[in-house]
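This report concerns only the one structure given below.
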Amino acid sequence: MLMDQVPHNLTSYPGRGLGLLDHDVGHGTALEKMLRIFDQKISMYKLKDVTRINFSTSVFSAGIFDNKGGNLTLADAGVNLFIPPGAIPPRTRKEIYIYLDQNAHLKLQKKNETRISPIVHCGPPGTSFEAPFVLSFPHCAENENQWTFLGMIKGSSDSGAHWQNISDDRDGISFVQGGHCFIMVNHFTTFTFKGATRQQEGSKLINFCTFGKCYDRSNSYCFNVRAWNPHDKVAVLAEQHELQETRLDSIKTLSVQNTGKDVRVFLKNLKEGWTSEYENEMKISYEELWNELEEGSTPPSCRFRLKTKDSLQSDSVYCRVKSKQEGRKKEISLEVNPVTSQIQQNMNVLAMESLHPRGSEVDLLACRRMFGAMDVYELPEDVCYKLCSELNIKEANLRDWRGLAEQLNMDSQVIENLDKFTKSPTVYLFEILNIISAPGEFCKNLGEKLKSAKIESAYKNIKPYIKSQ
């Protein structure tokens, strides 16, 4: 059972306010409790069915895999683990899970470095495969050509803060492409990516949102402006859920440059009769947004308190909050317009609980396993097999999988490693192209790449499946 294989460094910390689990499912960390529920769920399914189902929450996904492989996905975070066919020996099943580790931290060495992705734990740690798997997740770096990226790997037995570059792993491949990070290795542990700006103008995206409670028609109102790296979204929403504060606007994204300049957060357009009790402007420090947070700390925020000028009650409260980095023109605007109906407030809380359920309501949602990238397998199986068989054979003038890889802008070292470590590089290229393609665009993009690479026979095979625009 998976519960017997949780590493010590993941069980030595309490759950970090995920709002996911409590004592109704026993003692232990959030991960331990989710694994316990997974084991309970598995016992309810017949073995012939269990390899077709995944069980997931917003931070955890688990399933039992066999020789067919398949995908594990954390949809809210954009994390996907692809186990290729044949990576698990025939007549063998493996229990597998992925987990967003909110307790883990990455120690940065240089001022121009920053973590750009979630920290993803794949388990059970040490699980090995006969072919590399593909772990992918989005990053928050802008303009990839202004960055140097490093995939990072943490030893499964290491309870400290030691990380190493995946490039130091003799069979590891890591790269960034199309807004996503990709890692290909054949053993499970903990993974993330860091980036270093090549010049001061390098920037990354930061999420901002306003949070508050229902307005009770009093003469004052408090609200929070939160700022966080996109990979911290789950933790931030959980913390606000614990405070019973809901979003007052949609999440907005601000580009923050590596200039050392702070972000100004200031009030505008206050409703007539209202004023700020303390300050109209606050700052969020550059260091809090760019550097790795200290263990136990939370993403930065500004808390404003509004009051009526005459100290009398008001039917409603409204203002806008603008944020911009010092020295830059671009700014974002958020609304503060809280509901006054307790019924609506209760609906908002229920909506939050659907993402972060409490206590006995905790459940792992079951979903049907994808045995490969969804858009890829909208193609008939025989077409996929024919394409892979054809492209895996090296031809003159790179009219094979290597030509397709070049069209995906993969550098020569990654192509060389794919050739060295994989038996069917085309399968991996299909997975990469599917991840970076918009929904429903895989066949169209593949056709364009094959045509540009002058791989005519493969293009003819896929052309009938390209949707007309």
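Residues in the structure tokens are numbered from 1 in each chain, the chains being A, B, ... in the order shown, and ligands are numbered from 1 in the order shown.
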Inset, instruction - Find the spatial neighbours of region 294-311 of chain A, counting only C-alpha atoms, within a cut-off of 10 Å - ignore same-chain residues fewer than 2 positions away - and output them as a PyMOL selection string. - result: chain A and resi 16+102-107+208-212+218-229+232-233+235-236+239+265-267+270-285+288-289+291-292+313-314+317-319
Inset, instruction - Compile the contact shell of Cys388 (chain A) as a PyMOL selection string: residues with an atom at most 9 Å away, counting only C-alpha atoms, same-chain residues fewer than 2 positions apart removed. - result: chain A and resi 383-386+390-393+401+424-427
Legend entry - d(CA of Asp411 (chain A), CA of Tyr428 (chain A)) in Å: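 Taking CA of Asp411 (chain A) as the start and CA of Tyr428 (chain A) as the end point, the length is 14.9 Å.
Proximity of A:Leu398, A:Cys181, A:Ala131, A:Ala77 to Lys423 (chain A), computed with only C-alpha atoms, is greatest for A:Ala131.
When only C-alpha atoms are used to compute distances to Ser58 (chain A), the closest of the residues A:Met410, A:Ser250, A:Pro90, A:Leu364 turns out to be A:Leu364.
Among A:Cys122, A:Val185, A:Ala396, A:Ala366, the residue with the shortest atom-to-atom distance to Asp101 (chain A), counting only C-alpha atoms, is A:Cys122.
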Legend entry - Shell of 7 Å around Arg115 (chain A), only C-alpha atoms, local chain residues under 6 positions omitted, as a ChimeraX atom specification: /A:193-195,292
Would you write out those residues with all heavy atoms, as a PDB file, in the first residue's frame?
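Output file part_16.pdb is given in full below:
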ATOM      1  N   PHE A 193      11.546  23.681 -10.968  1.00  0.00           N
ATOM      2  CA  PHE A 193      12.400  24.444 -11.879  1.00  0.00           C
ATOM      3  C   PHE A 193      12.736  25.782 -11.252  1.00  0.00           C
ATOM      4  O   PHE A 193      11.913  26.392 -10.560  1.00  0.00           O
ATOM      5  CB  PHE A 193      11.673  24.712 -13.205  1.00  0.00           C
ATOM      6  CG  PHE A 193      12.091  23.806 -14.334  1.00  0.00           C
ATOM      7  CD1 PHE A 193      11.623  22.508 -14.392  1.00  0.00           C
ATOM      8  CD2 PHE A 193      12.947  24.256 -15.330  1.00  0.00           C
ATOM      9  CE1 PHE A 193      11.983  21.666 -15.438  1.00  0.00           C
ATOM     10  CE2 PHE A 193      13.316  23.433 -16.370  1.00  0.00           C
ATOM     11  CZ  PHE A 193      12.845  22.134 -16.433  1.00  0.00           C
ATOM     12  N   LYS A 194      13.950  26.243 -11.489  1.00  0.00           N
ATOM     13  CA  LYS A 194      14.311  27.612 -11.158  1.00  0.00           C
ATOM     14  C   LYS A 194      14.795  28.298 -12.415  1.00  0.00           C
ATOM     15  O   LYS A 194      15.210  27.649 -13.383  1.00  0.00           O
ATOM     16  CB  LYS A 194      15.375  27.670 -10.059  1.00  0.00           C
ATOM     17  CG  LYS A 194      16.760  27.193 -10.466  1.00  0.00           C
ATOM     18  CD  LYS A 194      17.746  27.363  -9.309  1.00  0.00           C
ATOM     19  CE  LYS A 194      19.143  26.886  -9.685  1.00  0.00           C
ATOM     20  NZ  LYS A 194      20.110  27.047  -8.564  1.00  0.00           N
ATOM     21  N   GLY A 195      14.727  29.619 -12.409  1.00  0.00           N
ATOM     22  CA  GLY A 195      15.182  30.382 -13.559  1.00  0.00           C
ATOM     23  C   GLY A 195      16.110  31.490 -13.112  1.00  0.00           C
ATOM     24  O   GLY A 195      16.000  32.014 -11.999  1.00  0.00           O
ATOM     25  N   GLU A 292      12.448  33.138  -2.765  1.00  0.00           N
ATOM     26  CA  GLU A 292      11.723  32.022  -2.164  1.00  0.00           C
ATOM     27  C   GLU A 292      11.280  32.405  -0.755  1.00  0.00           C
ATOM     28  O   GLU A 292      12.041  32.982   0.024  1.00  0.00           O
ATOM     29  CB  GLU A 292      12.627  30.789  -2.104  1.00  0.00           C
ATOM     30  CG  GLU A 292      11.944  29.525  -1.626  1.00  0.00           C
ATOM     31  CD  GLU A 292      11.079  28.882  -2.707  1.00  0.00           C
ATOM     32  OE1 GLU A 292      10.768  29.552  -3.720  1.00  0.00           O
ATOM     33  OE2 GLU A 292      10.717  27.724  -2.540  1.00  0.00           O
TER      34      GLU A 292
END
Inset, instruction - Just list the residues in region 219-331 of chain A DSSP gives strand (DSSP E or B) on the backbone, as a VMD selection string. - result: chain A and resid 220 to 228 246 to 247 252 to 257 263 to 268 274 to 276 281 to 284 301 to 308 319 to 325 331
Inset, instruction - With a distance cut-off of 10 Å and only C-alpha atoms, select the neighbouring residues of Leu446 (chain A), excluding the residue or stretch itself and same-chain residues fewer than 5 positions from it, and output the selection as a ChimeraX atom specification. - result: /A:376,404,407-408,429-430,433-434,437,441,451-452,458-459,462-463,466
Give me, as JSON lines, each residue of region 115-164 of chain A that comes within 10 Å of region 60-64 of chain A, together with its shortest interatomic pair and the distance in Å at one decimal, counting only C-alpha atoms, with rows ordered by chain and rising residue number.
{"residue": "A:Val120", "atom": "CA", "partner": "A:Phe60", "partner_atom": "CA", "distance": 9.8}
{"residue": "A:His121", "atom": "CA", "partner": "A:Phe60", "partner_atom": "CA", "distance": 9.6}
{"residue": "A:Cys122", "atom": "CA", "partner": "A:Ala62", "partner_atom": "CA", "distance": 9.8}
{"residue": "A:Gly123", "atom": "CA", "partner": "A:Ala62", "partner_atom": "CA", "distance": 9.2}
May I have the selected residues written with all heavy atoms, as a tab-separated table (two decimals), in the first residue's frame?
chain	number	residue	atom	x	y	z
A	120	VAL	N	6.80	19.57	-7.19
A	120	VAL	CA	5.94	18.40	-7.39
A	120	VAL	C	6.65	17.16	-6.88
A	120	VAL	O	7.77	16.86	-7.29
A	120	VAL	CB	5.58	18.23	-8.88
A	120	VAL	CG1	4.62	17.04	-9.06
A	120	VAL	CG2	4.95	19.50	-9.43
A	121	HIS	N	5.98	16.45	-6.00
A	121	HIS	CA	6.51	15.18	-5.48
A	121	HIS	C	5.84	14.03	-6.21
A	121	HIS	O	4.61	13.94	-6.26
A	121	HIS	CB	6.26	15.07	-3.98
A	121	HIS	CG	6.75	13.78	-3.40
A	121	HIS	ND1	8.09	13.51	-3.20
A	121	HIS	CD2	6.07	12.67	-3.00
A	121	HIS	CE1	8.21	12.30	-2.70
A	121	HIS	NE2	7.01	11.77	-2.56
A	122	CYS	N	6.64	13.15	-6.79
A	122	CYS	CA	6.15	11.95	-7.47
A	122	CYS	C	6.48	10.75	-6.59
A	122	CYS	O	7.62	10.60	-6.15
A	122	CYS	CB	6.79	11.78	-8.84
A	122	CYS	SG	6.45	13.12	-10.00
A	123	GLY	N	5.51	9.91	-6.36
A	123	GLY	CA	5.75	8.81	-5.46
A	123	GLY	C	5.04	7.54	-5.88
A	123	GLY	O	4.21	7.53	-6.79
